[in-house]
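Worksheet: the structure to be examined is printed underneath.
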Amino acid sequence: MKGLYVHIPFCEHICFYCDFAKRVPKDQHMIDEYLNHLISEINLYESHFDSIETIYIGGGTPSMLNTIQTEKLLKHLSLIKPSEYTIEVNPESYTKEKGMLYKKFGINRISLGVQTFNQKILNALNRKHTNQQVDETVSHLREIGIHNINLDLIYALPKQNIADLEFDLEYIHKLNPTHVSAYSLILEEKTVFYHEYLKGNFKIMDEDLEAQMYQKIIQCLTNDGYEHYEISNFCKPGYQSKHNLIYWSMGEYIGVGVGAHGLIDGYRTQNHRVLSDYNIQPQLEKTLQTLEMNLQDELIFGLRKIQGIDILELEHKYDFKLLNRYPKLIEKIDQGLVSYQDGILKLTEKGIFLGNQVFMVFI
Ligand code: SF4
C-alpha cells in the first residue's frame, strides 16, 4: 500500500492549541498561487500514481478552498484511483456544493474537525462552528452517499470536566460515525495557549483526570461497538483508516504541500513549513532512512496499534533478537506496561495510558 498526503495550509481562524503548518490567507490569489505550486509538486511523483492506494487531503482546512479551487485540485488528483480517499472538512466551511464535488471526484471518506460539542469550550479554543453545522454536514454527506465519516475529538481541554466529555460522547453516539479519533490536548510551543501558559493563565489538566477521560472514551466507544485499534483511534468493524495504517505500519507515502512529510523510495522527506519558502522550492530535506531508523519506527509506530507487533516477523526482517537488543524492555514487561507472548509484543491495558514510557526503550 502506498499513500499520498496533500496539505492545504489555510484556515479561516487559528485555533489556540494548533501548531500545524497553517495560516490565514491574505486573499484568494494567495490560495490560487499555492495550488499551482502544489500541483507542480504532485506532478513530480507521477511515476507513483498507479500504485497509490489512499489519498488524504489534510490541513489546515481543505474545505475552505472555494468550489473553483476545490475542483481544480480534485480534477488534477483524478489521475490517481485510490481505494480510500479522504478530505478533512471543517463544519463551518462545508457547503452542499463542495460535498457534491467531493462525491463527483470519488472522495469516499470525510474527516470532520469537531473536537468538542460544547460551544463554550469551542469558543475558548477559537473554533467557530456550531453543533447544528456538524449535524447538517453529516446528514448531507449521508444523503449524497458518503457514509464513511471520521469525527475528530480532543479531550483534556481547558476547564473540561467528565460531564462535558460525557456530553461529547453522547453526541457521538447520536451521530454514529464510522470512525472516531480522540487525542488529548497537547500544549505545543508557538501556540496561543502556550503563551497564556507562560503568563500563568493556562492550566494543564491533572494527569489523573486526563487518564480518567481517556478511560471513559475507551469504555463508551467500545460499548458503542467501536473497535479500539490504535491508541487514539476507534472504528466500526471494517472502517479502519487505511491511510493512517500506512503510517503505523511503515508503509510508503508521499507528502506534498507546505510542511508535509513523506517516506518514499527509502527516504524521509520534509517540506518547508513557510508558504513563501515552499513556493520557491517545496522540499526542505530528504534523509536516507537507515535500517536502524526503520526498526525504531516499526517498533514505536507498531506498538501504537492495539493488536501489537509480530516480533518473529520483525526479527527475521531485521536480523536481530528483541530482548538482546533492548534489554530495558524486560523492566517494562515486569512493570506490566507491555506484554510479550506467543511472539506478539503489545501494550497492556495499563501500558496504553503510559505508551511513552515504553517507546523510550527504543530511542
Ligand atoms: S486546528 Fe485545524 S482548523 Fe484550527 S488552526 Fe489548526 S489546522 Fe486550522
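In the C-alpha cells, chains take letters A, B, ... by order of appearance, with residues numbered from 1 within each chain and ligands from 1 in the order shown.
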
(message) Let me see if you get this right: every residue at most 6 Å from ligand 1, counting only C-alpha atoms and all ligand atoms, written as number ranges by chain.
(response) A: 11, 14-15, 18, 20, 22, 59-61

Output as a CSV table (one decimal) with C-alpha atoms, in the first residue's frame all residues of segment 157-275 of chain A that backbone DSSP marks as helix (DSSP H, G or I).
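File out.csv, as written:
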```
chain,number,residue,atom,x,y,z
A,162,ILE,CA,-16.1,14.5,33.0
A,163,ALA,CA,-19.7,15.6,32.4
A,164,ASP,CA,-18.6,17.7,29.4
A,165,LEU,CA,-16.8,14.7,28.0
A,166,GLU,CA,-19.9,12.5,28.6
A,167,PHE,CA,-21.9,15.1,26.6
A,168,ASP,CA,-19.4,14.8,23.7
A,169,LEU,CA,-19.6,11.0,23.8
A,170,GLU,CA,-23.4,11.0,23.8
A,171,TYR,CA,-23.4,13.3,20.8
A,172,ILE,CA,-21.0,11.0,19.0
A,173,HIS,CA,-23.3,8.1,19.9
A,174,LYS,CA,-26.2,10.0,18.4
A,175,LEU,CA,-24.3,10.8,15.2
A,192,VAL,CA,-1.7,31.0,21.9
A,193,PHE,CA,-2.3,28.5,24.7
A,194,TYR,CA,1.5,28.2,25.2
A,195,HIS,CA,1.8,32.0,25.5
A,196,GLU,CA,-1.0,32.0,28.0
A,197,TYR,CA,0.7,29.2,29.9
A,198,LEU,CA,3.9,31.2,30.1
A,207,GLU,CA,-2.8,13.7,34.7
A,208,ASP,CA,-5.2,11.6,36.7
A,209,LEU,CA,-8.2,13.4,35.3
A,210,GLU,CA,-6.8,13.1,31.8
A,211,ALA,CA,-6.4,9.3,32.3
A,212,GLN,CA,-10.0,9.1,33.6
A,213,MET,CA,-11.2,10.8,30.5
A,214,TYR,CA,-9.2,8.5,28.2
A,215,GLN,CA,-10.7,5.5,30.1
A,216,LYS,CA,-14.2,6.9,29.7
A,217,ILE,CA,-13.6,7.4,25.9
A,218,ILE,CA,-12.4,3.8,25.5
A,219,GLN,CA,-15.3,2.4,27.6
A,220,CYS,CA,-18.1,4.4,25.9
A,221,LEU,CA,-16.8,3.9,22.3
A,222,THR,CA,-16.2,0.2,22.8
A,223,ASN,CA,-19.7,-0.2,24.3
A,242,LYS,CA,-6.2,2.6,5.6
A,243,HIS,CA,-4.2,5.8,5.1
A,244,ASN,CA,-3.2,6.0,8.8
A,245,LEU,CA,-2.4,2.3,8.9
A,246,ILE,CA,0.2,3.1,6.2
A,247,TYR,CA,1.9,5.5,8.7
A,248,TRP,CA,1.7,3.0,11.6
A,275,LEU,CA,4.5,29.3,2.5
```

(message) Need the shell around Leu284 of chain A: protein/DNA/RNA residues with any atom at most 7 Å away, counting only C-alpha atoms. Skip same-chain ones fewer than 3 positions apart. Format as a list in words?
(response)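 Final neighbour list, sorted by chain and number: Gln270, Asn271 and His272 of chain A.
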
Can you tell me which residues surround segment 185-188 of chain A at a distance of at most 7 Å, considering only C-alpha atoms, apart from same-chain residues fewer than 2 positions away, and format the answer as an mmCIF file with N, CA and C atoms, in the first residue's frame?
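Produced file part-v2.cif, reproduced below:
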```
data_model
loop_
_atom_site.group_PDB
_atom_site.id
_atom_site.type_symbol
_atom_site.label_atom_id
_atom_site.label_comp_id
_atom_site.auth_asym_id
_atom_site.auth_seq_id
_atom_site.Cartn_x
_atom_site.Cartn_y
_atom_site.Cartn_z
ATOM 1 N N TYR A 17 -4.756 26.101 20.126
ATOM 2 C CA TYR A 17 -3.874 24.985 20.506
ATOM 3 C C TYR A 17 -3.020 24.496 19.338
ATOM 4 N N ASP A 19 -0.509 23.744 16.313
ATOM 5 C CA ASP A 19 0.857 24.017 15.833
ATOM 6 C C ASP A 19 1.093 23.392 14.451
ATOM 7 N N ILE A 154 -11.110 16.148 20.683
ATOM 8 C CA ILE A 154 -9.983 16.449 21.578
ATOM 9 C C ILE A 154 -10.534 16.428 23.005
ATOM 10 N N TYR A 155 -9.761 15.817 23.910
ATOM 11 C CA TYR A 155 -10.178 15.830 25.311
ATOM 12 C C TYR A 155 -9.038 16.414 26.160
ATOM 13 N N ALA A 156 -9.298 16.537 27.450
ATOM 14 C CA ALA A 156 -8.366 17.226 28.369
ATOM 15 C C ALA A 156 -8.246 18.701 27.956
ATOM 16 N N LEU A 157 -9.396 19.251 27.609
ATOM 17 C CA LEU A 157 -9.451 20.651 27.169
ATOM 18 C C LEU A 157 -9.564 21.575 28.386
ATOM 19 N N TYR A 183 -7.805 12.555 20.608
ATOM 20 C CA TYR A 183 -6.465 12.925 21.095
ATOM 21 C C TYR A 183 -6.599 13.856 22.283
ATOM 22 N N LYS A 190 4.698 27.841 20.517
ATOM 23 C CA LYS A 190 4.244 28.715 19.420
ATOM 24 C C LYS A 190 2.731 28.649 19.198
ATOM 25 N N THR A 191 1.982 28.381 20.261
ATOM 26 C CA THR A 191 0.519 28.438 20.158
ATOM 27 C C THR A 191 0.035 29.502 21.139
ATOM 28 N N PHE A 193 -2.195 29.124 23.400
ATOM 29 C CA PHE A 193 -2.267 28.521 24.737
ATOM 30 C C PHE A 193 -0.895 28.502 25.416
ATOM 31 N N TYR A 194 0.132 28.280 24.641
ATOM 32 C CA TYR A 194 1.476 28.221 25.226
ATOM 33 C C TYR A 194 1.862 29.589 25.800
#
```

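With only C-alpha atoms as the atoms that count, the minimum distance from Asn294 of chain A to the choices A:Ile254, A:Met1, A:Phe362, A:Ile280 is reached by A:Phe362.
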
(request) Mind giving me the straight-line distance from atom CA of Tyr239 of chain A to atom CA of His179 of chain A in Å, one decimal? (result)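 According to the coordinates, atom CA of Tyr239 of chain A and atom CA of His179 of chain A are separated by 6.7 Å.
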
(request) Work out how far apart atom CA of Ser83 of chain A and atom CA of Thr54 of chain A are and give it in Å to one decimal. (result)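 Spanning atom CA of Ser83 of chain A to atom CA of Thr54 of chain A is a straight-line distance of 6.0 Å.
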
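Counting only C-alpha atoms, the residue from A:Asp334, A:Glu12, A:Glu292, A:Glu313 that sits nearest to Gly351 of chain A is A:Asp334.
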